[in-house]
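See below for the structure under consideration.
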Amino acid sequence: MAGTITITISRSIRNLFFLIVATILLITFYRSATSTSGSSFSTSYLLPSSWQSAETTSGGLTIPEEITNLASGERELAIKQYEYASNMGSYFDPNPHWGGGREDYKFYSDVQLRKLAVCTATNTCRENQTSVIILGYIHAHFHIYEGYMGGEGIWTSYLVQTLEKWGYTILHARDDWPYIWYLYNQIPDLVKGVIAWRTGQYGTFDDKVKTHGRGNGVPAWKFFVYNYFPDHYTSIVGDAWNMHSEFGYSKKQRNFTFIPYVVEPATTPPYTPATTRPYQVYILAKFVRYFYPGAQPAWEDRGIFLRAKTILEKEFPGFEFVVGCKDDRNAAQQKEVPMEVPEGVRNLGKMDRLEFESQLANSRAMLGIGWPTLSPSPHVALSLGIPFINPYSMNGWSKKDDPESWAQSQHHTLKVLDPPYNYNVLRNNETEFIDAIRQALLHPIEPFILPTMTREYHEKQIAEWLHTDWRSKAEEILELRRKGIETQNGKDVKDFTL
Ligand SMILES: *[C@@H]1O[C@H](CO)[C@@H](O)[C@H](O)[C@H]1NC(C)=O
Ligand SMILES: *[C@@H]1O[C@H](CO)[C@@H](O)[C@H](O)[C@H]1NC(C)=O
Ligand SMILES: *[C@@H]1O[C@H](CO)[C@@H](O)[C@H](O)[C@H]1NC(C)=O
């Protein structure tokens with residue numbers, strides 16, 4: 001009897017929960033539908049309208065392509081779920097004209113919550129659907145809603161691709177901590193992880209973290225501080241709650257959570273064997289200011305390019321430096337300090353990713369000029385069979401053969417690779433500059449991908465992150481911390497509430 005009553009009560013609580021969710025959705029839909037401002041999207045697969053992209057039909061319903069492509073068990077669940085969801089169609093516009101704008105991330109998350117409500121109520125959730133990841137770092141927002149394709153954008157695209165392939169639910173939260181908190185509190189047990197920064201435009205983690213006095217805060221152990229670069233110790237819990245996208249290099253094992261983006265194997269096109277390419281050296285620089293003081297260029301004397309070309313074209317017929325860059329400064333700045341691509345370098349202009357890759361694939365070496373650091377492009381170059389020339393600088397006490405002792409280098413991951421894959425060159429040293437180019441042209445390589453940048457490794461790392469019992473780990477760290485034994489390296493680590 002007691003059991004029956006409990007079930008009845010918990011059912012009505014659940015119904016109440018869905019009623020609340022539905023009401024919130026209805027309000028937000030209405031708000032979204034009334035807001036109008038333009039926005040562009042890089043990836044159509046992330047849009048709510050993907051519900052609508054058609055292929056197969058079932059009972060008069062058109063089933064979206066991403067559902068028909070699922071493995072059979074998952075497909076049956078997904079089709080049933082889709083049929084149930086379609087019952088809501090006349091109440092919730094499945095494809096409203098909401099026009100994007102500042103609330104776009106909330107709109108997207110509402111749709112995902114609605115899917116969760118349908119599948120939990122009808123027992124049609126896919127295998128990983130009730131495991132929820134909240135994306136709350138601004139670069140994810142820029143990538144998803146504005147097409148940002150810098151390192152963090154590329155990382156986001158692979159993370160999302162993998163989680164979606166496995167059927168996880170992803171919620172978008174811009175960098176909006178009050179909204180992260182609001183999402184979390186609707187489905188606290190379903191949220192497996194929040195990937196964000198500690199700060200944001202509308203509030204901070206510190207305002208929303210679970211504490212003794214704030215029981216409905218987001219538990220610190222569910223929060224992973226994201227930074228593309230592998231140098232930050234900003235989690236209050238411990239090292240592994242710092243998540244990053246580039247491996248970097250350190251002799252000392254650091255216990256961050258490393259999730260790489262994927263470097264894809266070369267395909268034809270754009271891949272052509274090195275020996276059939278012209279003697280073309282591709283300079284990594286999106287903006288012309290990277291050649292000028294302010295960007296701390298590796299080659300401060302811009303005459304180096306023409307001098308090197310004059311020497312190298314005698315040894316390698318048709319030798320050329322090429323670059324694809326533009327001047328991204330405003331008109332006044334451009335007038336005040338005119339900047340040009342150095343003499344001896346041919347500018348291919350601004351290119352999209354595909355054009356960039358096909359130009360790169362037509363080169364025999366990629367040359368770093370100091371900036372950007374730890375970029376994905378040298379990895380892409382290697383995958384196309386193109387060695388990287390990596391400028392570095394030393395401290396007074398640095399040893400040439402010990403990269404860890406160096407002051408700085410453009411690519412902290414690749415600096416530990418030897419020729420013929422990577423050539424470390426001392427900044428401003430013209431002898432080493434010319435010689436590295438010469439060696440790279442004389443020693444073509446086959447396509448190469450670091451084992452830590454393959455799709456397999458990327459998936460392995462994500463799966464490991466998803467399957468780790470973070471609460472237990474945090475609990476152990478916390479117990480020791482409260483006894484005065486600190487096992488973590490971060491300066492920001494402190495007491496927290498489980
Ligand atoms: C569920 O996620 C795991 C990784 O956590 C993955 O290995 C598995 O294939 C996913 N299930 C489905 C049906 O995609
Ligand atoms: C990383 O974790 C291992 C195993 O717990 C530990 O021995 C090592 O000292 C940790 N590394 C750092 C830098 O704390
Ligand atoms: C430049 O590099 C060459 C070869 O490594 C070295 O012999 C020379 O001393 C370097 N010049 C300077 C100014 O560091």
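Note on naming: chains are A, B, ... as they come in the structure tokens, residues start from 1 per chain, ligands start from 1 in the order shown.
Neighbouring residues of ligand 3 at a cut-off of 8 Å, counting only C-alpha atoms and all ligand atoms, are Leu426, Asn428, Asn429, Glu430, Thr431 and Glu432 of chain A.
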What are the nearest atom pairs, with distances in Å to one decimal, for all residues of chain A that come at most 12 Å from ligand 2, using only C-alpha atoms and all ligand atoms, set out by chain and rising residue number as a tab-separated table?
```
residue	atom	partner	partner_atom_place_in_ligand_line	distance
A:Asp231	CA	ligand 2	13 (C)	11.9
A:Tyr233	CA	ligand 2	13 (C)	11.0
A:Gly238	CA	ligand 2	14 (O)	9.6
A:Asp239	CA	ligand 2	14 (O)	7.6
A:Ala240	CA	ligand 2	1 (C)	8.9
A:Ser250	CA	ligand 2	13 (C)	9.8
A:Lys251	CA	ligand 2	13 (C)	9.7
A:Lys252	CA	ligand 2	13 (C)	6.0
A:Gln253	CA	ligand 2	11 (N)	5.2
A:Arg254	CA	ligand 2	13 (C)	4.4
A:Asn255	CA	ligand 2	1 (C)	4.8
A:Phe256	CA	ligand 2	1 (C)	8.6
A:Thr257	CA	ligand 2	1 (C)	11.1
A:Lys473	CA	ligand 2	5 (O)	10.6
A:Glu476	CA	ligand 2	5 (O)	11.5
A:Ile477	CA	ligand 2	5 (O)	10.7
A:Glu486	CA	ligand 2	14 (O)	10.1
A:Thr487	CA	ligand 2	14 (O)	6.8
A:Gln488	CA	ligand 2	14 (O)	6.0
A:Asn489	CA	ligand 2	14 (O)	6.0
A:Gly490	CA	ligand 2	14 (O)	9.5
```
Could you give me, as a Markdown table, a per-residue list for chain A showing, wherever an atom lies at most 7 Å from an atom of ligand 1, the closest pair of atoms and their distance in Å to one decimal, using only C-alpha atoms and all ligand atoms and sorting by chain then residue number from low to high?
```
| residue | atom | partner | partner_atom_place_in_ligand_line | distance |
| --- | --- | --- | --- | --- |
| A:Glu74 | CA | ligand 1 | 13 (C) | 6.3 |
| A:Glu127 | CA | ligand 1 | 13 (C) | 5.2 |
| A:Asn128 | CA | ligand 1 | 1 (C) | 5.0 |
| A:Lys165 | CA | ligand 1 | 14 (O) | 6.1 |
| A:Trp166 | CA | ligand 1 | 14 (O) | 3.4 |
| A:Gly167 | CA | ligand 1 | 14 (O) | 5.5 |
| A:Ala463 | CA | ligand 1 | 5 (O) | 4.7 |
| A:Leu466 | CA | ligand 1 | 5 (O) | 5.8 |
| A:His467 | CA | ligand 1 | 5 (O) | 6.5 |
```
Show me, as an mmCIF file with N, CA and C atoms, in the first residue's frame, the residues that have an atom within 12 Å of stretch 399-413 of chain A when counting only C-alpha atoms, minus same-chain residues fewer than 6 positions from it.
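See result-v4.cif below for the written result:
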```
data_model
loop_
_atom_site.group_PDB
_atom_site.id
_atom_site.type_symbol
_atom_site.label_atom_id
_atom_site.label_comp_id
_atom_site.auth_asym_id
_atom_site.auth_seq_id
_atom_site.Cartn_x
_atom_site.Cartn_y
_atom_site.Cartn_z
ATOM 1 N N PHE A 229 43.852 26.424 -24.074
ATOM 2 C CA PHE A 229 45.265 26.254 -23.748
ATOM 3 C C PHE A 229 45.459 25.434 -22.464
ATOM 4 N N PRO A 230 46.520 24.621 -22.434
ATOM 5 C CA PRO A 230 46.677 23.676 -21.314
ATOM 6 C C PRO A 230 47.452 24.244 -20.131
ATOM 7 N N ASP A 231 47.188 25.467 -19.745
ATOM 8 C CA ASP A 231 48.005 26.063 -18.689
ATOM 9 C C ASP A 231 47.214 26.544 -17.487
ATOM 10 N N SER A 245 41.987 21.799 -24.832
ATOM 11 C CA SER A 245 41.906 21.209 -26.176
ATOM 12 C C SER A 245 43.253 20.928 -26.823
ATOM 13 N N GLU A 246 44.320 21.540 -26.313
ATOM 14 C CA GLU A 246 45.644 21.283 -26.884
ATOM 15 C C GLU A 246 46.488 20.632 -25.797
ATOM 16 N N PHE A 247 47.324 19.702 -26.201
ATOM 17 C CA PHE A 247 48.067 18.935 -25.219
ATOM 18 C C PHE A 247 49.165 19.752 -24.548
ATOM 19 N N GLY A 248 49.827 20.598 -25.352
ATOM 20 C CA GLY A 248 50.982 21.313 -24.806
ATOM 21 C C GLY A 248 52.055 20.297 -24.487
ATOM 22 N N TYR A 249 53.097 20.720 -23.854
ATOM 23 C CA TYR A 249 54.130 19.755 -23.512
ATOM 24 C C TYR A 249 54.673 20.067 -22.133
ATOM 25 N N SER A 250 54.819 19.051 -21.338
ATOM 26 C CA SER A 250 55.409 19.210 -20.019
ATOM 27 C C SER A 250 55.970 17.866 -19.595
ATOM 28 N N LYS A 251 57.170 17.887 -19.022
ATOM 29 C CA LYS A 251 57.761 16.629 -18.563
ATOM 30 C C LYS A 251 57.002 16.105 -17.362
ATOM 31 N N LYS A 252 56.499 17.062 -16.565
ATOM 32 C CA LYS A 252 55.740 16.688 -15.377
ATOM 33 C C LYS A 252 54.320 16.340 -15.812
ATOM 34 N N PRO A 260 41.055 16.373 -27.075
ATOM 35 C CA PRO A 260 41.531 17.029 -28.290
ATOM 36 C C PRO A 260 40.397 17.269 -29.278
ATOM 37 N N LEU A 284 51.953 30.939 -41.900
ATOM 38 C CA LEU A 284 50.759 30.921 -41.052
ATOM 39 C C LEU A 284 50.524 32.328 -40.506
ATOM 40 N N GLN A 296 54.585 40.828 -31.707
ATOM 41 C CA GLN A 296 55.862 40.173 -31.383
ATOM 42 C C GLN A 296 56.270 39.141 -32.432
ATOM 43 N N PRO A 297 56.500 39.636 -33.679
ATOM 44 C CA PRO A 297 56.828 38.688 -34.742
ATOM 45 C C PRO A 297 58.169 37.990 -34.487
ATOM 46 N N ALA A 298 58.247 36.750 -34.931
ATOM 47 C CA ALA A 298 59.480 35.983 -34.745
ATOM 48 C C ALA A 298 60.594 36.545 -35.625
ATOM 49 N N LEU A 367 55.336 27.820 -42.347
ATOM 50 C CA LEU A 367 56.245 28.653 -41.564
ATOM 51 C C LEU A 367 55.485 29.447 -40.511
ATOM 52 N N GLY A 368 55.890 29.301 -39.255
ATOM 53 C CA GLY A 368 55.314 30.113 -38.188
ATOM 54 C C GLY A 368 56.048 31.436 -38.094
ATOM 55 N N ILE A 369 55.331 32.531 -37.844
ATOM 56 C CA ILE A 369 56.017 33.819 -37.635
ATOM 57 C C ILE A 369 55.758 34.321 -36.214
ATOM 58 N N GLY A 370 55.364 33.441 -35.311
ATOM 59 C CA GLY A 370 55.241 33.790 -33.895
ATOM 60 C C GLY A 370 53.814 33.760 -33.372
ATOM 61 N N TRP A 371 52.852 34.107 -34.200
ATOM 62 C CA TRP A 371 51.472 34.210 -33.791
ATOM 63 C C TRP A 371 50.609 33.622 -34.892
ATOM 64 N N PRO A 372 49.501 32.928 -34.648
ATOM 65 C CA PRO A 372 48.931 32.562 -33.360
ATOM 66 C C PRO A 372 49.647 31.363 -32.740
ATOM 67 N N THR A 373 49.608 31.287 -31.409
ATOM 68 C CA THR A 373 50.242 30.168 -30.730
ATOM 69 C C THR A 373 49.276 28.985 -30.639
ATOM 70 N N LEU A 374 49.838 27.795 -30.616
ATOM 71 C CA LEU A 374 49.076 26.551 -30.432
ATOM 72 C C LEU A 374 47.860 26.435 -31.353
ATOM 73 N N SER A 375 48.013 26.934 -32.559
ATOM 74 C CA SER A 375 46.897 26.912 -33.510
ATOM 75 C C SER A 375 46.691 25.497 -34.065
ATOM 76 N N PRO A 376 45.463 25.166 -34.480
ATOM 77 C CA PRO A 376 45.228 23.869 -35.116
ATOM 78 C C PRO A 376 45.928 23.730 -36.474
ATOM 79 N N SER A 377 46.249 24.851 -37.121
ATOM 80 C CA SER A 377 46.749 24.779 -38.507
ATOM 81 C C SER A 377 48.021 23.947 -38.696
ATOM 82 N N PRO A 378 49.023 24.048 -37.805
ATOM 83 C CA PRO A 378 50.193 23.184 -37.994
ATOM 84 C C PRO A 378 49.850 21.688 -37.920
ATOM 85 N N HIS A 379 48.835 21.328 -37.131
ATOM 86 C CA HIS A 379 48.380 19.930 -37.115
ATOM 87 C C HIS A 379 47.785 19.553 -38.468
ATOM 88 N N PHE A 388 56.296 21.624 -40.134
ATOM 89 C CA PHE A 388 56.083 22.943 -39.535
ATOM 90 C C PHE A 388 57.414 23.531 -39.090
ATOM 91 N N ILE A 389 57.572 24.828 -39.302
ATOM 92 C CA ILE A 389 58.754 25.533 -38.822
ATOM 93 C C ILE A 389 58.320 26.412 -37.656
ATOM 94 N N ASN A 390 58.835 26.056 -36.482
ATOM 95 C CA ASN A 390 58.312 26.548 -35.202
ATOM 96 C C ASN A 390 59.310 27.491 -34.521
ATOM 97 N N PRO A 391 59.083 28.808 -34.539
ATOM 98 C CA PRO A 391 60.016 29.715 -33.880
ATOM 99 C C PRO A 391 59.923 29.644 -32.357
ATOM 100 N N TYR A 392 61.069 29.765 -31.696
ATOM 101 C CA TYR A 392 61.068 29.744 -30.231
ATOM 102 C C TYR A 392 62.092 30.736 -29.709
ATOM 103 N N SER A 393 62.003 31.039 -28.423
ATOM 104 C CA SER A 393 62.993 31.916 -27.809
ATOM 105 C C SER A 393 63.477 31.275 -26.509
ATOM 106 N N ASN A 422 58.981 18.574 -37.626
ATOM 107 C CA ASN A 422 58.965 19.904 -37.032
ATOM 108 C C ASN A 422 60.394 20.423 -36.939
ATOM 109 N N TYR A 423 60.579 21.693 -37.305
ATOM 110 C CA TYR A 423 61.882 22.340 -37.201
ATOM 111 C C TYR A 423 61.768 23.500 -36.229
ATOM 112 N N ASN A 424 62.383 23.383 -35.071
ATOM 113 C CA ASN A 424 62.406 24.499 -34.129
ATOM 114 C C ASN A 424 63.510 25.462 -34.543
ATOM 115 N N VAL A 425 63.160 26.730 -34.646
ATOM 116 C CA VAL A 425 64.103 27.730 -35.139
ATOM 117 C C VAL A 425 64.127 28.904 -34.167
ATOM 118 N N LEU A 426 65.337 29.312 -33.786
ATOM 119 C CA LEU A 426 65.474 30.425 -32.866
ATOM 120 C C LEU A 426 64.954 31.704 -33.518
ATOM 121 N N ARG A 427 64.107 32.427 -32.797
ATOM 122 C CA ARG A 427 63.543 33.677 -33.331
ATOM 123 C C ARG A 427 64.653 34.600 -33.820
ATOM 124 N N LEU A 450 49.403 13.296 -34.983
ATOM 125 C CA LEU A 450 49.802 12.873 -33.637
ATOM 126 C C LEU A 450 48.757 11.899 -33.100
ATOM 127 N N THR A 452 47.527 11.588 -30.366
ATOM 128 C CA THR A 452 46.586 12.233 -29.441
ATOM 129 C C THR A 452 45.607 13.161 -30.155
ATOM 130 N N MET A 453 45.699 13.247 -31.487
ATOM 131 C CA MET A 453 44.785 14.138 -32.206
ATOM 132 C C MET A 453 43.860 13.363 -33.151
#
```
- Task: Just the residues within 7 Å of stretch 108-111 of chain A, please, counting only C-alpha atoms, with nothing from its chain fewer than 2 positions along; format it as a list in words.
- Result: Leu25, Pro48, Asp104, Tyr105, Lys106, Leu113, Arg114, Lys115, Leu171 and His172 of chain A
- Query: Taking the backbone alone, and naming residues the way the document does, which bits of stretch 339-441 of chain A are alpha helix (DSSP H) by DSSP, as a VMD selection string?
  - Reply: chain A and resid 353 to 360 377 to 383 430 to 441
I need the chosen residues saved as a tab-separated table (two decimals), in the first residue's frame, with C-alpha atoms.
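Below is the file that was written, part.tsv:
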```tsv
chain	number	residue	atom	x	y	z
A	353	ARG	CA	38.67	26.89	-44.72
A	354	LEU	CA	38.44	24.79	-47.89
A	355	GLU	CA	40.44	27.26	-49.99
A	356	PHE	CA	42.97	27.52	-47.17
A	357	GLU	CA	43.37	23.76	-47.07
A	358	SER	CA	43.79	23.40	-50.81
A	359	GLN	CA	46.43	26.18	-50.87
A	360	LEU	CA	48.14	24.61	-47.91
A	377	SER	CA	46.75	24.78	-38.51
A	378	PRO	CA	50.19	23.18	-37.99
A	379	HIS	CA	48.38	19.93	-37.11
A	380	VAL	CA	46.39	20.22	-40.34
A	381	ALA	CA	49.65	20.89	-42.22
A	382	LEU	CA	51.24	17.71	-40.83
A	383	SER	CA	48.13	15.73	-41.75
A	430	GLU	CA	68.37	34.13	-40.23
A	431	THR	CA	70.81	31.25	-40.59
A	432	GLU	CA	68.49	28.83	-38.82
A	433	PHE	CA	65.49	30.27	-40.68
A	434	ILE	CA	66.92	29.61	-44.14
A	435	ASP	CA	68.39	26.28	-43.18
A	436	ALA	CA	65.12	24.97	-41.71
A	437	ILE	CA	63.27	25.87	-44.92
A	438	ARG	CA	65.99	24.21	-46.98
A	439	GLN	CA	65.85	21.02	-44.88
A	440	ALA	CA	62.06	20.94	-45.05
A	441	LEU	CA	62.13	21.24	-48.84
```
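Nearest residue to A:Ala266 among A:Trp155, A:Phe224, A:Phe448, A:Phe291 is A:Phe448, counting only C-alpha atoms.
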- Contact residues around A:Trp221 with only C-alpha atoms at 9 Å, ignoring same-chain residues under 3 positions, as a ChimeraX atom specification: /A:193,218,224,236-238,241,470-471,473-475,496-498
Selected residues, N, CA and C atoms, written as an mmCIF file, in the first residue's frame, please.
```
data_model
loop_
_atom_site.group_PDB
_atom_site.id
_atom_site.type_symbol
_atom_site.label_atom_id
_atom_site.label_comp_id
_atom_site.auth_asym_id
_atom_site.auth_seq_id
_atom_site.Cartn_x
_atom_site.Cartn_y
_atom_site.Cartn_z
ATOM 1 N N GLY A 193 27.453 17.324 -16.652
ATOM 2 C CA GLY A 193 28.581 18.249 -16.624
ATOM 3 C C GLY A 193 28.232 19.587 -17.231
ATOM 4 N N VAL A 218 24.857 25.121 -8.373
ATOM 5 C CA VAL A 218 25.464 24.090 -9.219
ATOM 6 C C VAL A 218 26.656 23.499 -8.467
ATOM 7 N N PHE A 224 33.271 21.986 -15.213
ATOM 8 C CA PHE A 224 34.589 21.865 -15.829
ATOM 9 C C PHE A 224 34.957 23.192 -16.468
ATOM 10 N N ILE A 236 38.045 25.267 -8.696
ATOM 11 C CA ILE A 236 38.172 25.300 -7.236
ATOM 12 C C ILE A 236 38.250 23.889 -6.665
ATOM 13 N N VAL A 237 37.906 22.870 -7.486
ATOM 14 C CA VAL A 237 37.896 21.485 -7.009
ATOM 15 C C VAL A 237 39.271 20.850 -7.157
ATOM 16 N N GLY A 238 39.775 20.796 -8.392
ATOM 17 C CA GLY A 238 41.060 20.154 -8.593
ATOM 18 C C GLY A 238 41.501 20.166 -10.037
ATOM 19 N N TRP A 241 39.461 19.119 -13.186
ATOM 20 C CA TRP A 241 38.268 19.911 -13.541
ATOM 21 C C TRP A 241 38.635 21.087 -14.444
ATOM 22 N N TRP A 470 32.931 11.587 -10.992
ATOM 23 C CA TRP A 470 33.541 12.845 -10.547
ATOM 24 C C TRP A 470 33.195 13.166 -9.105
ATOM 25 N N ARG A 471 32.010 12.741 -8.693
ATOM 26 C CA ARG A 471 31.603 13.045 -7.314
ATOM 27 C C ARG A 471 32.538 12.349 -6.323
ATOM 28 N N LYS A 473 35.577 11.255 -6.837
ATOM 29 C CA LYS A 473 36.918 11.858 -6.914
ATOM 30 C C LYS A 473 36.973 13.139 -6.102
ATOM 31 N N ALA A 474 35.919 13.960 -6.294
ATOM 32 C CA ALA A 474 35.876 15.249 -5.599
ATOM 33 C C ALA A 474 35.786 15.028 -4.097
ATOM 34 N N GLU A 475 35.011 14.019 -3.725
ATOM 35 C CA GLU A 475 34.828 13.728 -2.304
ATOM 36 C C GLU A 475 36.165 13.385 -1.634
ATOM 37 N N PHE A 496 34.437 23.186 -0.845
ATOM 38 C CA PHE A 496 33.202 23.286 -1.635
ATOM 39 C C PHE A 496 32.197 22.298 -1.082
ATOM 40 N N THR A 497 30.972 22.388 -1.564
ATOM 41 C CA THR A 497 29.912 21.517 -1.065
ATOM 42 C C THR A 497 29.586 20.475 -2.128
ATOM 43 N N LEU A 498 29.541 19.214 -1.713
ATOM 44 C CA LEU A 498 29.280 18.147 -2.684
ATOM 45 C C LEU A 498 27.851 18.191 -3.229
#
```
- Gap from atom CA of A:Pro265 to atom CA of A:Arg455 - Å, one decimal: 9.5 Å
- Atom pair atom CA of A:Pro270 + atom CA of A:Ser363, distance 11.1 Å
Residues near A:Asp327, cut-off 8 Å, only C-alpha atoms, skip fewer than 4 positions along chain, as a JSON list (two decimals) with N, CA and C atoms, in the first residue's frame:
```
[["chain", "number", "residue", "atom", "x", "y", "z"],
["A", 287, "PHE", "N", 46.34, 37.62, -40.39],
["A", 287, "PHE", "CA", 46.28, 39.08, -40.43],
["A", 287, "PHE", "C", 47.67, 39.67, -40.68],
["A", 288, "VAL", "N", 47.70, 40.74, -41.47],
["A", 288, "VAL", "CA", 48.98, 41.34, -41.86],
["A", 288, "VAL", "C", 49.72, 41.88, -40.64],
["A", 289, "ARG", "N", 48.98, 42.26, -39.59],
["A", 289, "ARG", "CA", 49.65, 42.82, -38.39],
["A", 289, "ARG", "C", 50.54, 41.80, -37.68],
["A", 334, "GLN", "N", 44.61, 51.87, -40.22],
["A", 334, "GLN", "CA", 45.30, 51.51, -41.46],
["A", 334, "GLN", "C", 45.98, 52.72, -42.07],
["A", 339, "MET", "N", 50.28, 48.92, -43.27],
["A", 339, "MET", "CA", 50.99, 47.64, -43.16],
["A", 339, "MET", "C", 50.83, 46.87, -44.46]]
```
- Test item: residues at most 12 Å from A:Leu70, only C-alpha atoms, excluding those fewer than 3 positions along its chain, as a PyMOL selection string: chain A and resi 63-67+73-79+126-127+164-167
- Those in stretch 93-182 of chain A with strand (DSSP E or B) from DSSP, as a ChimeraX atom specification: /A:132-136,169-172
Since we have the selection now, will you write its residues out, keeping N, CA and C atoms, as a PDB file, in the first residue's frame?
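Output saved as again_28.pdb:
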```pdb
ATOM      1  N   VAL A 132      22.913  14.868 -19.656  1.00  0.00           N
ATOM      2  CA  VAL A 132      22.861  16.221 -20.201  1.00  0.00           C
ATOM      3  C   VAL A 132      24.182  16.954 -19.967  1.00  0.00           C
ATOM      4  N   ILE A 133      24.676  17.577 -21.030  1.00  0.00           N
ATOM      5  CA  ILE A 133      25.873  18.411 -20.940  1.00  0.00           C
ATOM      6  C   ILE A 133      25.457  19.848 -21.249  1.00  0.00           C
ATOM      7  N   ILE A 134      25.836  20.762 -20.382  1.00  0.00           N
ATOM      8  CA  ILE A 134      25.521  22.179 -20.617  1.00  0.00           C
ATOM      9  C   ILE A 134      26.776  22.891 -21.131  1.00  0.00           C
ATOM     10  N   LEU A 135      26.651  23.531 -22.296  1.00  0.00           N
ATOM     11  CA  LEU A 135      27.765  24.318 -22.839  1.00  0.00           C
ATOM     12  C   LEU A 135      27.585  25.772 -22.431  1.00  0.00           C
ATOM     13  N   GLY A 136      28.513  26.293 -21.636  1.00  0.00           N
ATOM     14  CA  GLY A 136      28.343  27.640 -21.101  1.00  0.00           C
ATOM     15  C   GLY A 136      29.559  28.536 -21.291  1.00  0.00           C
ATOM     16  N   THR A 169      22.205  14.669 -24.620  1.00  0.00           N
ATOM     17  CA  THR A 169      21.473  15.929 -24.730  1.00  0.00           C
ATOM     18  C   THR A 169      22.419  17.079 -24.412  1.00  0.00           C
ATOM     19  N   ILE A 170      22.473  18.039 -25.317  1.00  0.00           N
ATOM     20  CA  ILE A 170      23.333  19.212 -25.124  1.00  0.00           C
ATOM     21  C   ILE A 170      22.439  20.424 -24.936  1.00  0.00           C
ATOM     22  N   LEU A 171      22.690  21.187 -23.898  1.00  0.00           N
ATOM     23  CA  LEU A 171      21.954  22.433 -23.700  1.00  0.00           C
ATOM     24  C   LEU A 171      22.906  23.609 -23.913  1.00  0.00           C
ATOM     25  N   HIS A 172      22.400  24.647 -24.542  1.00  0.00           N
ATOM     26  CA  HIS A 172      23.215  25.838 -24.797  1.00  0.00           C
ATOM     27  C   HIS A 172      22.922  26.899 -23.742  1.00  0.00           C
TER      28      HIS A 172
END
```
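Taking atom CA of A:Thr68 and atom CA of A:Ile144 as endpoints, the distance between them is 24.1 Å.
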